Each structure stands twice: as C-alpha cells, then as structure tokens.
Amino acid sequence: MPNPASLRDSTQILLPWETFEGLRGELEANFTVTVVEDGPNARIIGSPAEIKSVNEFLTRYGVTVA
C-alpha cells in the first residue's frame, strides 16, 4: 500500500502566499489545478502530472519548491 505522505506530495504544493501571489493568474490560466487558502499559505492541488508541470513553471520564475 502506498505511503499517504508520498501521494500527498505528488498531488499538491504548499507555498507562502507572498511567494505565489504574482503568479496565481498565469498558473490558473495554464494548468488544471485548484488553489486553496491554507492559513498563510497557498495550497496548489492537482494531478501528479499537473503538479510536476506546475513545479517546473514555478522553478522558471525562481520559486523554490521543497
């Protein structure tokens, strides 16, 4: 049985809002993801393939995703 933490890591990205704010519109226009407010953070949720693409997109803009 898969580890729930590894499944969660492949389907979401958690970032501070201030890191993400300027990119939200472009991200939502180009990817099929849901952005949810999680306290001071933005939680980006999508399929593993979309999350991988979003990670690459964020990296191009200098956003480090752990």
# chains A, B, ... in the order shown; residues from 1 in each chain; ligands from 1
>>> residues_around(residues="range 31-40 of chain A", least_positions_apart="4", cutoff="7 Å", atoms="only C-alpha atoms", output="list in words")
Pro16, Trp17, Leu27, Ile44, Ile45, Gly46 and Glu50 of chain A
>>> select_by_dssp(residues="range 9-66 of chain A", states="strand (DSSP E or B)", output="ChimeraX atom specification")
/A:12-16,34-38,41-45
>>> select_by_dssp(residues="chain A", states="helix (DSSP H, G or I)", output="ChimeraX atom specification")
/A:4-11,17-30,48-60
>>> closest_residue(among="A:Ala49, A:Val54, A:Thr64, A:Gln12", to="Glu28 in chain A", atoms="only C-alpha atoms")
A:Val54
>>> decode(residues="chain A", atoms="C-alpha atoms", output="PDB file, in the first residue's frame")
ATOM      1  CA  MET A   1       0.000   0.000   0.000  1.00  0.00           C
ATOM      2  CA  PRO A   2       1.393   3.462  -0.910  1.00  0.00           C
ATOM      3  CA  ASN A   3       2.538   5.853   1.769  1.00  0.00           C
ATOM      4  CA  PRO A   4      -0.105   8.640   2.147  1.00  0.00           C
ATOM      5  CA  ALA A   5       2.590  11.307   2.583  1.00  0.00           C
ATOM      6  CA  SER A   6       4.217  10.429  -0.739  1.00  0.00           C
ATOM      7  CA  LEU A   7       0.829  10.523  -2.511  1.00  0.00           C
ATOM      8  CA  ARG A   8       0.072  13.926  -0.984  1.00  0.00           C
ATOM      9  CA  ASP A   9       3.496  15.263  -2.061  1.00  0.00           C
ATOM     10  CA  SER A  10       2.815  14.233  -5.650  1.00  0.00           C
ATOM     11  CA  THR A  11      -0.601  15.949  -5.773  1.00  0.00           C
ATOM     12  CA  GLN A  12      -0.010  19.262  -4.012  1.00  0.00           C
ATOM     13  CA  ILE A  13       2.423  22.122  -3.450  1.00  0.00           C
ATOM     14  CA  LEU A  14       2.338  24.328  -0.366  1.00  0.00           C
ATOM     15  CA  LEU A  15       3.812  27.853  -0.683  1.00  0.00           C
ATOM     16  CA  PRO A  16       3.644  31.078   1.306  1.00  0.00           C
ATOM     17  CA  TRP A  17       1.129  33.458  -0.352  1.00  0.00           C
ATOM     18  CA  GLU A  18       3.717  36.197  -0.805  1.00  0.00           C
ATOM     19  CA  THR A  19       5.839  33.821  -2.904  1.00  0.00           C
ATOM     20  CA  PHE A  20       2.896  32.833  -5.074  1.00  0.00           C
ATOM     21  CA  GLU A  21       0.670  35.936  -5.390  1.00  0.00           C
ATOM     22  CA  GLY A  22       2.059  37.401  -8.611  1.00  0.00           C
ATOM     23  CA  LEU A  23       1.947  34.061 -10.422  1.00  0.00           C
ATOM     24  CA  ARG A  24      -1.534  32.863  -9.468  1.00  0.00           C
ATOM     25  CA  GLY A  25      -3.418  34.182 -12.511  1.00  0.00           C
ATOM     26  CA  GLU A  26      -0.959  32.774 -15.019  1.00  0.00           C
ATOM     27  CA  LEU A  27      -0.752  29.470 -13.169  1.00  0.00           C
ATOM     28  CA  GLU A  28      -4.536  29.019 -13.048  1.00  0.00           C
ATOM     29  CA  ALA A  29      -4.845  30.016 -16.728  1.00  0.00           C
ATOM     30  CA  ASN A  30      -2.279  27.447 -17.852  1.00  0.00           C
ATOM     31  CA  PHE A  31      -2.800  24.468 -15.533  1.00  0.00           C
ATOM     32  CA  THR A  32      -5.737  22.441 -14.259  1.00  0.00           C
ATOM     33  CA  VAL A  33      -5.215  22.963 -10.539  1.00  0.00           C
ATOM     34  CA  THR A  34      -7.124  24.192  -7.524  1.00  0.00           C
ATOM     35  CA  VAL A  35      -5.616  26.877  -5.303  1.00  0.00           C
ATOM     36  CA  VAL A  36      -6.805  26.829  -1.689  1.00  0.00           C
ATOM     37  CA  GLU A  37      -6.021  29.228   1.137  1.00  0.00           C
ATOM     38  CA  ASP A  38      -4.369  27.326   3.973  1.00  0.00           C
ATOM     39  CA  GLY A  39      -3.671  29.962   6.604  1.00  0.00           C
ATOM     40  CA  PRO A  40      -0.646  31.990   5.470  1.00  0.00           C
ATOM     41  CA  ASN A  41      -0.015  29.522   2.636  1.00  0.00           C
ATOM     42  CA  ALA A  42      -1.360  28.701  -0.798  1.00  0.00           C
ATOM     43  CA  ARG A  43      -2.060  25.019  -1.359  1.00  0.00           C
ATOM     44  CA  ILE A  44      -1.931  24.094  -5.065  1.00  0.00           C
ATOM     45  CA  ILE A  45      -3.736  20.811  -5.693  1.00  0.00           C
ATOM     46  CA  GLY A  46      -3.786  18.798  -8.912  1.00  0.00           C
ATOM     47  CA  SER A  47      -2.951  15.521 -10.580  1.00  0.00           C
ATOM     48  CA  PRO A  48       0.634  14.262 -10.261  1.00  0.00           C
ATOM     49  CA  ALA A  49       1.310  15.224 -13.902  1.00  0.00           C
ATOM     50  CA  GLU A  50      -0.065  18.761 -13.402  1.00  0.00           C
ATOM     51  CA  ILE A  51       1.851  19.224 -10.152  1.00  0.00           C
ATOM     52  CA  LYS A  52       5.071  18.230 -11.915  1.00  0.00           C
ATOM     53  CA  SER A  53       4.366  20.806 -14.641  1.00  0.00           C
ATOM     54  CA  VAL A  54       3.457  23.460 -12.053  1.00  0.00           C
ATOM     55  CA  ASN A  55       6.696  22.722 -10.208  1.00  0.00           C
ATOM     56  CA  GLU A  56       8.652  23.306 -13.441  1.00  0.00           C
ATOM     57  CA  PHE A  57       6.662  26.508 -14.093  1.00  0.00           C
ATOM     58  CA  LEU A  58       7.376  27.850 -10.598  1.00  0.00           C
ATOM     59  CA  THR A  59      11.058  26.964 -10.914  1.00  0.00           C
ATOM     60  CA  ARG A  60      11.303  29.011 -14.139  1.00  0.00           C
ATOM     61  CA  TYR A  61      10.102  32.011 -12.100  1.00  0.00           C
ATOM     62  CA  GLY A  62      12.629  31.411  -9.337  1.00  0.00           C
ATOM     63  CA  VAL A  63      10.212  29.885  -6.837  1.00  0.00           C
ATOM     64  CA  THR A  64      11.844  27.035  -4.934  1.00  0.00           C
ATOM     65  CA  VAL A  65       9.533  24.133  -4.174  1.00  0.00           C
ATOM     66  CA  ALA A  66      10.776  21.757  -1.494  1.00  0.00           C
TER      67      ALA A  66
END
